[in-house]
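Enquirer: Please see the structure below; I have some questions.
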Amino acid sequence: MPDRRSPLAPFKNKVFLTIWLASITSNFGGLIQDVGAAWMMTSISKSESMVALVQASNTAPIMLFSLVAGAIADGFDRRKVMLTAQIFLLTVSALLSIFTWFGLLTPWSLLAFTFLIGCGTALNSPSWQASVGDIVGRDDLPSAVSLNSMGFNMTRSVGPAIGGLIVALAGAATAFAVNAVSYLSMIYALARWKPVYPKTTLPRESLGHAIAAGLRYVSMSPNLMKVLFRGFLFGFAATAILSLLPLVTKDSLGGGPLTYGGLLGAFGLGAIAGAMSNARIREILSSEQIVRCSFAGFAVAAAITGMSQTFWLTAPALVVAGACWVLSLSLFNTVVQLSTPRWVVGRALSLYQTATFGGMAGGSWLWGVLAENMGAGQALVASAVVMLAGVGIGFLLPMPAFATLDLNPLNRFNEPPLRLDIRPRSGPIVIQIDFEIDDKDVTEFLKIMVERRRIRLRDGAQNWALMRDLENPDIWTETYHTPTWVDYVRHNHRRTNADALITDRLRELHKGEKPPFVHRMIERQAIPPADDVFHKPHIDHH
């Protein structure tokens, strides 16, 4: 039995440890800013829906722009992308502090500032999460994701309480200023990091093509689609607690900023407990069992929070909610990363974030509207019902287990020498691969070809087809197109070691003495000049 890796093993990597510590500082400032923004809105607006929209304005950009950010993360230097995002966040936070200090802040300008902060987060997040796998490697990736969750929730356990204290003693402007300063640690850590990325001779994909490739890959990966849907549903229902907690604190518990910060601290303590026990729980329960328990636990916590009238009943419920929050979201994130090769991991993560934070943004709005019409307590009970429905959906769309496939690049493809002088953008390219298959192996061959088709289309092939020779039925021809020659080369470079299992099995079924023959052709249309147009002869029937 292989040795169990320590959950703290990623800390042996100095780069990961440095950025992890810097991210704790940055997250600490971000949570203080969240407390300041939420409480500031209760001071300048009487509308319950406006209070809930603070959370929505912060998460909506992740839903709207995350896919673009994912394509940028896969196509550009991730360190530079993160540096740009951090500098942008520092600037916006400083301006928010200045506007608040001079009394220029209105409800709508506050939402605008939190929206811009969400934009910076949307740009930063796919690059940082994709970089984790670059820094620590695949073996330590689950532990690194859990440590990131633990680090964020360590700050959540104390950050909101300190944020509430800062708001109570020094005002929201000071809380926003503290957040601006917190970005300096991450900027410093990123400036010192010198990553070495694999060299490639292929030109960078255009942004539109990169986005399309990411959408195609995820849509052709059934397991990823399950994760995205479950993440959306969890975010939609679970955000009710975080969105309505200021109202619960003020109306149901009669508390102020310190009480609000203390409740968020209870949520953070539960999240730390969930992160610390994550590895052990994964050994006992399957991925689907963890997600179902998280949905059920959060439903109970939301119902108690909605009906409670005391801090000492609400706080334990939020501890449970925090544990369920980190267990489910860290599991979703890990499954996505372990199920995706490095060339598209930024886009896959961005789509996961789009689904999850899209659910949060929509949920924040809906629960805010319900709270305004029927009270925050009833809205939380309604969110608990949705959570229980999420438990039932698990029986129809169960979560995949952690992927054990080797998704490292196969690196078998060598660009063939061509007698025809073509350019990288020449095309369309037509590929035909001839197999000779014995009649007794046809059933297995067709079964394997179903998976082969999915892999081809997932990695960028078009117009895939399988044909059988009528005169020689043992000959089967696989054919597909790519728009250009460089797309064909890129398609082959996307092949992973796991994909090689399909290729190797097909070669075993091929009974020819030589390997399957590959035809590489460029498509051309024969269009005659205008003066050479063929005319049907006139037939005189008279």
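Labels used: A, B, ... for chains in the order of the structure tokens, numbers from 1 for residues in each chain, and numbers from 1 for ligands as shown.
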Leaving out segment 41-43 of chain A and any residue of its chain fewer than 6 positions from it, which residues lie within 12 Å of it when counting only C-alpha atoms, given as a PyMOL selection string?
Expert: chain A and resi 34-35+49-55+100+105-111+114+167+171-172+244-247+249-251+256-257
Enquirer: Excluding same-chain residues fewer than 5 positions from Met399 of chain A, what lies within 10 Å of it counting only C-alpha atoms, as a list in words?
Expert: Asn223, Leu224, Met225, Lys226, Val227, Arg230, Ser286, Ser287, Glu288, Gln289, Ile290, Val291, Arg292, Leu331, Phe332, Val335 and Gly394 of chain A
Enquirer: Contacts between segment 345-365 of chain A and segment 49-108 of chain A, please, where a residue of segment 49-108 of chain A counts if it comes within 12 Å (with only C-alpha atoms); show its shortest atom pair and distance in Å to one decimal, rows by chain and ascending number, as a Markdown table.
Expert:
```
| residue | atom | partner | partner_atom | distance |
| --- | --- | --- | --- | --- |
| A:Ser49 | CA | A:Trp365 | CA | 7.1 |
| A:Met50 | CA | A:Trp365 | CA | 9.0 |
| A:Val51 | CA | A:Ser364 | CA | 9.6 |
| A:Ala52 | CA | A:Ser364 | CA | 5.8 |
| A:Leu53 | CA | A:Trp365 | CA | 6.2 |
| A:Val54 | CA | A:Ser364 | CA | 8.7 |
| A:Gln55 | CA | A:Ser364 | CA | 6.6 |
| A:Ala56 | CA | A:Ala361 | CA | 4.4 |
| A:Ser57 | CA | A:Ala361 | CA | 7.4 |
| A:Asn58 | CA | A:Ala361 | CA | 8.2 |
| A:Thr59 | CA | A:Ala361 | CA | 5.6 |
| A:Ala60 | CA | A:Ala361 | CA | 5.3 |
| A:Pro61 | CA | A:Phe357 | CA | 8.6 |
| A:Ile62 | CA | A:Thr354 | CA | 5.9 |
| A:Met63 | CA | A:Thr354 | CA | 4.0 |
| A:Leu64 | CA | A:Thr354 | CA | 7.0 |
| A:Phe65 | CA | A:Thr354 | CA | 8.0 |
| A:Ser66 | CA | A:Ser350 | CA | 5.0 |
| A:Leu67 | CA | A:Ser350 | CA | 5.1 |
| A:Val68 | CA | A:Arg347 | CA | 8.0 |
| A:Ala69 | CA | A:Ser350 | CA | 7.1 |
| A:Gly70 | CA | A:Arg347 | CA | 4.1 |
| A:Ala71 | CA | A:Arg347 | CA | 5.5 |
| A:Ile72 | CA | A:Gly346 | CA | 8.1 |
| A:Ala73 | CA | A:Gly346 | CA | 5.6 |
| A:Asp74 | CA | A:Gly346 | CA | 5.5 |
| A:Gly75 | CA | A:Gly346 | CA | 9.2 |
| A:Phe76 | CA | A:Gly346 | CA | 10.8 |
| A:Asp77 | CA | A:Gly346 | CA | 12.0 |
| A:Arg78 | CA | A:Gly346 | CA | 9.7 |
```
Enquirer: Show me a table, sorted first by chain and then by increasing residue number, of the residues of segment 271-357 of chain A having an atom at most 12 Å from segment 139-144 of chain A, each with its shortest atom pair and the distance in Å to one decimal, counting only C-alpha atoms and written as a Markdown table.
Expert:
```
| residue | atom | partner | partner_atom | distance |
| --- | --- | --- | --- | --- |
| A:Ala275 | CA | A:Ser143 | CA | 9.7 |
| A:Met276 | CA | A:Ser143 | CA | 10.2 |
| A:Ser277 | CA | A:Ser143 | CA | 11.4 |
| A:Asn278 | CA | A:Ser143 | CA | 9.1 |
| A:Ala279 | CA | A:Ser143 | CA | 7.8 |
| A:Arg280 | CA | A:Ser143 | CA | 11.5 |
| A:Arg282 | CA | A:Pro142 | CA | 10.6 |
| A:Ser330 | CA | A:Pro142 | CA | 8.6 |
| A:Leu331 | CA | A:Pro142 | CA | 8.6 |
| A:Phe332 | CA | A:Pro142 | CA | 10.9 |
| A:Asn333 | CA | A:Pro142 | CA | 9.0 |
| A:Thr334 | CA | A:Pro142 | CA | 5.9 |
| A:Val335 | CA | A:Pro142 | CA | 8.8 |
| A:Val336 | CA | A:Pro142 | CA | 10.8 |
| A:Gln337 | CA | A:Leu141 | CA | 8.2 |
| A:Leu338 | CA | A:Leu141 | CA | 8.1 |
| A:Ser339 | CA | A:Leu141 | CA | 11.9 |
```
Enquirer: Please identify all polymer residues within 12 Å of Arg452 of chain A, counting only C-alpha atoms, omitting same-chain residues fewer than 5 positions from it, and present them as an MDAnalysis selection string.
Expert: chainID A and resid 220 445:447 457:459 461 464:466 478:480 495 498:506
Enquirer: Selection from above, N, CA, C and O atoms, as a compact mmCIF listing (two decimals), in the first residue's frame, can you write it?
Expert:
```
# COMPACT_ATOMS: atom_id res chain seq x y z
N MET A 220 -17.69 18.31 -23.66
CA MET A 220 -17.45 16.93 -24.07
C MET A 220 -16.91 16.07 -22.93
O MET A 220 -16.44 14.95 -23.17
N PHE A 445 -13.93 -2.88 -31.41
CA PHE A 445 -13.40 -1.74 -32.17
C PHE A 445 -14.39 -0.57 -32.17
O PHE A 445 -14.01 0.59 -31.92
N LEU A 446 -15.65 -0.86 -32.42
CA LEU A 446 -16.66 0.19 -32.45
C LEU A 446 -16.86 0.82 -31.07
O LEU A 446 -17.07 2.02 -30.95
N LYS A 447 -16.78 -0.01 -30.04
CA LYS A 447 -16.91 0.51 -28.68
C LYS A 447 -15.78 1.48 -28.36
O LYS A 447 -16.01 2.55 -27.78
N LEU A 457 -13.16 15.13 -30.77
CA LEU A 457 -13.98 16.34 -30.77
C LEU A 457 -13.64 17.23 -29.58
O LEU A 457 -13.59 18.46 -29.70
N ARG A 458 -13.39 16.62 -28.44
CA ARG A 458 -13.03 17.38 -27.24
C ARG A 458 -11.75 18.20 -27.46
O ARG A 458 -11.62 19.32 -26.97
N ASP A 459 -10.80 17.64 -28.20
CA ASP A 459 -9.50 18.30 -28.41
C ASP A 459 -9.44 19.15 -29.66
O ASP A 459 -8.35 19.59 -30.04
N ALA A 461 -11.03 18.48 -32.99
CA ALA A 461 -11.32 17.94 -34.32
C ALA A 461 -12.75 18.30 -34.73
O ALA A 461 -13.62 18.56 -33.90
N TRP A 464 -15.93 14.59 -37.51
CA TRP A 464 -15.41 13.24 -37.30
C TRP A 464 -16.37 12.21 -37.90
O TRP A 464 -17.59 12.35 -37.79
N ALA A 465 -15.81 11.18 -38.53
CA ALA A 465 -16.64 10.11 -39.10
C ALA A 465 -15.84 8.82 -39.14
O ALA A 465 -14.60 8.84 -39.15
N LEU A 466 -16.56 7.72 -39.15
CA LEU A 466 -15.95 6.39 -39.28
C LEU A 466 -16.61 5.69 -40.46
O LEU A 466 -17.83 5.62 -40.55
N GLU A 478 -11.01 6.09 -40.18
CA GLU A 478 -11.40 7.21 -39.31
C GLU A 478 -11.00 8.50 -40.01
O GLU A 478 -9.88 8.62 -40.52
N THR A 479 -11.90 9.45 -40.03
CA THR A 479 -11.60 10.72 -40.70
C THR A 479 -12.11 11.88 -39.87
O THR A 479 -13.13 11.78 -39.18
N TYR A 480 -11.35 12.98 -39.90
CA TYR A 480 -11.76 14.22 -39.23
C TYR A 480 -11.05 15.39 -39.88
O TYR A 480 -10.07 15.22 -40.63
N ARG A 495 -2.89 15.61 -26.74
CA ARG A 495 -3.05 14.21 -26.35
C ARG A 495 -2.38 13.94 -25.01
O ARG A 495 -1.26 14.38 -24.76
N ALA A 498 -3.29 9.36 -20.70
CA ALA A 498 -4.53 8.59 -20.56
C ALA A 498 -5.16 8.31 -21.93
O ALA A 498 -5.69 7.21 -22.17
N ASP A 499 -5.09 9.28 -22.83
CA ASP A 499 -5.63 9.08 -24.18
C ASP A 499 -4.87 7.99 -24.93
O ASP A 499 -5.43 7.34 -25.82
N ALA A 500 -3.60 7.81 -24.58
CA ALA A 500 -2.78 6.82 -25.28
C ALA A 500 -3.32 5.41 -25.09
O ALA A 500 -3.06 4.52 -25.91
N LEU A 501 -4.05 5.17 -24.02
CA LEU A 501 -4.62 3.83 -23.80
C LEU A 501 -5.57 3.46 -24.93
O LEU A 501 -5.61 2.30 -25.37
N ILE A 502 -6.33 4.44 -25.42
CA ILE A 502 -7.24 4.20 -26.54
C ILE A 502 -6.45 3.92 -27.81
O ILE A 502 -6.73 2.97 -28.56
N THR A 503 -5.45 4.76 -28.07
CA THR A 503 -4.62 4.59 -29.27
C THR A 503 -3.92 3.24 -29.27
O THR A 503 -3.88 2.53 -30.28
N ASP A 504 -3.35 2.86 -28.13
CA ASP A 504 -2.63 1.59 -28.04
C ASP A 504 -3.56 0.40 -28.24
O ASP A 504 -3.19 -0.60 -28.89
N ARG A 505 -4.77 0.49 -27.72
CA ARG A 505 -5.71 -0.61 -27.89
C ARG A 505 -6.14 -0.75 -29.35
O ARG A 505 -6.29 -1.87 -29.86
N LEU A 506 -6.31 0.38 -30.03
CA LEU A 506 -6.65 0.32 -31.45
C LEU A 506 -5.54 -0.31 -32.27
O LEU A 506 -5.78 -1.08 -33.21
```
Enquirer: I'd like the interatomic distance between atom CA of Phe295 of chain A and atom CA of Phe28 of chain A, to a tenth of an Å.
Expert: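 Distance reported for this atom pair: 26.8 Å.
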Enquirer: Atom CA of Ser149 of chain A and atom CA of Val326 of chain A are how many Å apart?
Expert: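 That distance, rounded to one decimal, is 6.6 Å.
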Enquirer: In Å, with one decimal, what is the gap from atom CA of Leu215 of chain A to atom CA of Pro341 of chain A?
Expert: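 We find that atom CA of Leu215 of chain A and atom CA of Pro341 of chain A lie 14.2 Å from each other.
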Enquirer: What's the 9 Å shell around Lys511 of chain A, counting only C-alpha atoms, without same-chain residues fewer than 3 positions away, as a list in words?
Expert: Phe435, Glu436, Ile437, Asp438, Arg507, Glu508, Lys514 and Pro515 of chain A
Enquirer: Quick one: of A:Gly133, A:Glu372, A:Phe232, A:Ser127, who's nearest to Lys46 of chain A, counting only C-alpha atoms?
Expert: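 When distances to Lys46 of chain A are compared using only C-alpha atoms, the smallest one comes from A:Glu372.
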Enquirer: I'd like the neighbourhood of Phe88 of chain A as a ChimeraX atom specification, where a residue qualifies if any of its atoms comes within 12 Å (using only C-alpha atoms), though same-chain residues fewer than 3 positions away should be ignored.
Expert: /A:81-85,91-95,113,116-124,180,183-184,187
Enquirer: Please produce an output containing N, CA and C atoms for each residue in the selection, written as an mmCIF file, in the first residue's frame.
Expert:
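Written out: out35.cif:
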```cif
data_model
loop_
_atom_site.group_PDB
_atom_site.id
_atom_site.type_symbol
_atom_site.label_atom_id
_atom_site.label_comp_id
_atom_site.auth_asym_id
_atom_site.auth_seq_id
_atom_site.Cartn_x
_atom_site.Cartn_y
_atom_site.Cartn_z
ATOM 1 N N VAL A 81 -0.371 37.935 -15.109
ATOM 2 C CA VAL A 81 -1.823 38.148 -15.010
ATOM 3 C C VAL A 81 -2.210 38.425 -13.565
ATOM 4 N N MET A 82 -1.666 37.637 -12.646
ATOM 5 C CA MET A 82 -1.994 37.833 -11.230
ATOM 6 C C MET A 82 -1.465 39.165 -10.714
ATOM 7 N N LEU A 83 -0.266 39.558 -11.142
ATOM 8 C CA LEU A 83 0.275 40.858 -10.741
ATOM 9 C C LEU A 83 -0.638 41.995 -11.196
ATOM 10 N N THR A 84 -1.091 41.904 -12.442
ATOM 11 C CA THR A 84 -1.998 42.930 -12.970
ATOM 12 C C THR A 84 -3.269 43.006 -12.146
ATOM 13 N N ALA A 85 -3.836 41.836 -11.817
ATOM 14 C CA ALA A 85 -5.077 41.798 -11.041
ATOM 15 C C ALA A 85 -4.875 42.393 -9.645
ATOM 16 N N THR A 91 -5.748 49.445 -6.350
ATOM 17 C CA THR A 91 -6.194 50.761 -6.790
ATOM 18 C C THR A 91 -7.672 50.989 -6.486
ATOM 19 N N VAL A 92 -8.510 50.004 -6.802
ATOM 20 C CA VAL A 92 -9.954 50.141 -6.572
ATOM 21 C C VAL A 92 -10.251 50.252 -5.079
ATOM 22 N N SER A 93 -9.585 49.433 -4.274
ATOM 23 C CA SER A 93 -9.826 49.480 -2.832
ATOM 24 C C SER A 93 -9.409 50.817 -2.236
ATOM 25 N N ALA A 94 -8.303 51.382 -2.719
ATOM 26 C CA ALA A 94 -7.863 52.694 -2.233
ATOM 27 C C ALA A 94 -8.881 53.773 -2.594
ATOM 28 N N LEU A 95 -9.404 53.715 -3.806
ATOM 29 C CA LEU A 95 -10.412 54.692 -4.221
ATOM 30 C C LEU A 95 -11.698 54.550 -3.396
ATOM 31 N N PHE A 113 -18.150 49.849 -6.826
ATOM 32 C CA PHE A 113 -16.820 49.526 -6.322
ATOM 33 C C PHE A 113 -16.693 48.030 -6.013
ATOM 34 N N LEU A 116 -16.262 46.165 -9.215
ATOM 35 C CA LEU A 116 -14.902 46.247 -9.749
ATOM 36 C C LEU A 116 -13.945 45.342 -8.974
ATOM 37 N N ILE A 117 -14.129 45.274 -7.669
ATOM 38 C CA ILE A 117 -13.303 44.355 -6.884
ATOM 39 C C ILE A 117 -13.570 42.913 -7.307
ATOM 40 N N GLY A 118 -14.829 42.620 -7.604
ATOM 41 C CA GLY A 118 -15.155 41.294 -8.122
ATOM 42 C C GLY A 118 -14.498 41.033 -9.466
ATOM 43 N N CYS A 119 -14.380 42.068 -10.296
ATOM 44 C CA CYS A 119 -13.714 41.913 -11.602
ATOM 45 C C CYS A 119 -12.243 41.548 -11.411
ATOM 46 N N GLY A 120 -11.583 42.226 -10.474
ATOM 47 C CA GLY A 120 -10.189 41.898 -10.200
ATOM 48 C C GLY A 120 -10.035 40.481 -9.684
ATOM 49 N N THR A 121 -10.954 40.071 -8.836
ATOM 50 C CA THR A 121 -10.926 38.697 -8.322
ATOM 51 C C THR A 121 -11.144 37.696 -9.451
ATOM 52 N N ALA A 122 -12.059 38.022 -10.366
ATOM 53 C CA ALA A 122 -12.337 37.132 -11.502
ATOM 54 C C ALA A 122 -11.105 36.960 -12.373
ATOM 55 N N LEU A 123 -10.334 38.027 -12.583
ATOM 56 C CA LEU A 123 -9.114 37.940 -13.387
ATOM 57 C C LEU A 123 -8.042 37.133 -12.671
ATOM 58 N N ASN A 124 -7.935 37.297 -11.370
ATOM 59 C CA ASN A 124 -6.861 36.671 -10.601
ATOM 60 C C ASN A 124 -7.092 35.181 -10.357
ATOM 61 N N ALA A 180 -6.844 47.642 1.057
ATOM 62 C CA ALA A 180 -5.928 48.114 0.018
ATOM 63 C C ALA A 180 -4.483 47.767 0.366
ATOM 64 N N TYR A 183 -3.056 44.018 -0.170
ATOM 65 C CA TYR A 183 -2.640 43.497 -1.478
ATOM 66 C C TYR A 183 -1.133 43.619 -1.695
ATOM 67 N N LEU A 184 -0.455 44.434 -0.916
ATOM 68 C CA LEU A 184 0.980 44.634 -1.112
ATOM 69 C C LEU A 184 1.772 43.353 -0.891
ATOM 70 N N ILE A 187 1.500 41.225 -4.044
ATOM 71 C CA ILE A 187 2.290 41.839 -5.120
ATOM 72 C C ILE A 187 3.776 41.550 -4.920
#
```
Enquirer: Can you list, as a ChimeraX atom specification, every protein, DNA or RNA residue that comes within 6 Å of Ile433 of chain A when you count only C-alpha atoms, leaving out same-chain residues fewer than 4 positions away?
Expert: /A:477-478,517-518
Enquirer: Save out the residues we just selected, N, CA and C atoms, as a PDB file, in the first residue's frame.
Expert:
```pdb
ATOM      1  N   THR A 477     -11.927   3.281 -41.904  1.00  0.00           N
ATOM      2  CA  THR A 477     -11.217   4.559 -42.029  1.00  0.00           C
ATOM      3  C   THR A 477     -11.833   5.588 -41.087  1.00  0.00           C
ATOM      4  N   GLU A 478     -11.010   6.086 -40.183  1.00  0.00           N
ATOM      5  CA  GLU A 478     -11.398   7.207 -39.313  1.00  0.00           C
ATOM      6  C   GLU A 478     -11.002   8.498 -40.012  1.00  0.00           C
ATOM      7  N   PHE A 517      -2.294   3.334 -41.325  1.00  0.00           N
ATOM      8  CA  PHE A 517      -1.738   4.356 -42.221  1.00  0.00           C
ATOM      9  C   PHE A 517      -2.509   5.668 -42.064  1.00  0.00           C
ATOM     10  N   VAL A 518      -1.754   6.771 -41.972  1.00  0.00           N
ATOM     11  CA  VAL A 518      -2.345   8.094 -41.772  1.00  0.00           C
ATOM     12  C   VAL A 518      -2.204   8.904 -43.056  1.00  0.00           C
TER      13      VAL A 518
END
```
Enquirer: Of the candidates A:Gly261, A:Tyr217, A:Asp434, A:Trp325, which one gets nearest to Asp469 of chain A if we count only C-alpha atoms?
Expert: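 Comparing A:Gly261, A:Tyr217, A:Asp434, A:Trp325 against Asp469 of chain A, the winner is A:Asp434.
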Enquirer: Going by DSSP on the backbone, which residues of segment 319-481 of chain A come out as alpha helix (DSSP H)? List them as a VMD selection string.
Expert: chain A and resid 319 to 338 345 to 374 376 to 396 442 to 458
Enquirer: Just checking: using only C-alpha atoms, which residue out of A:Ala302, A:Ile522, A:Val196, A:Val489 ends up closest to Met387 of chain A?
Expert: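 The shortest atom-to-atom distance to Met387 of chain A comes from A:Ala302.
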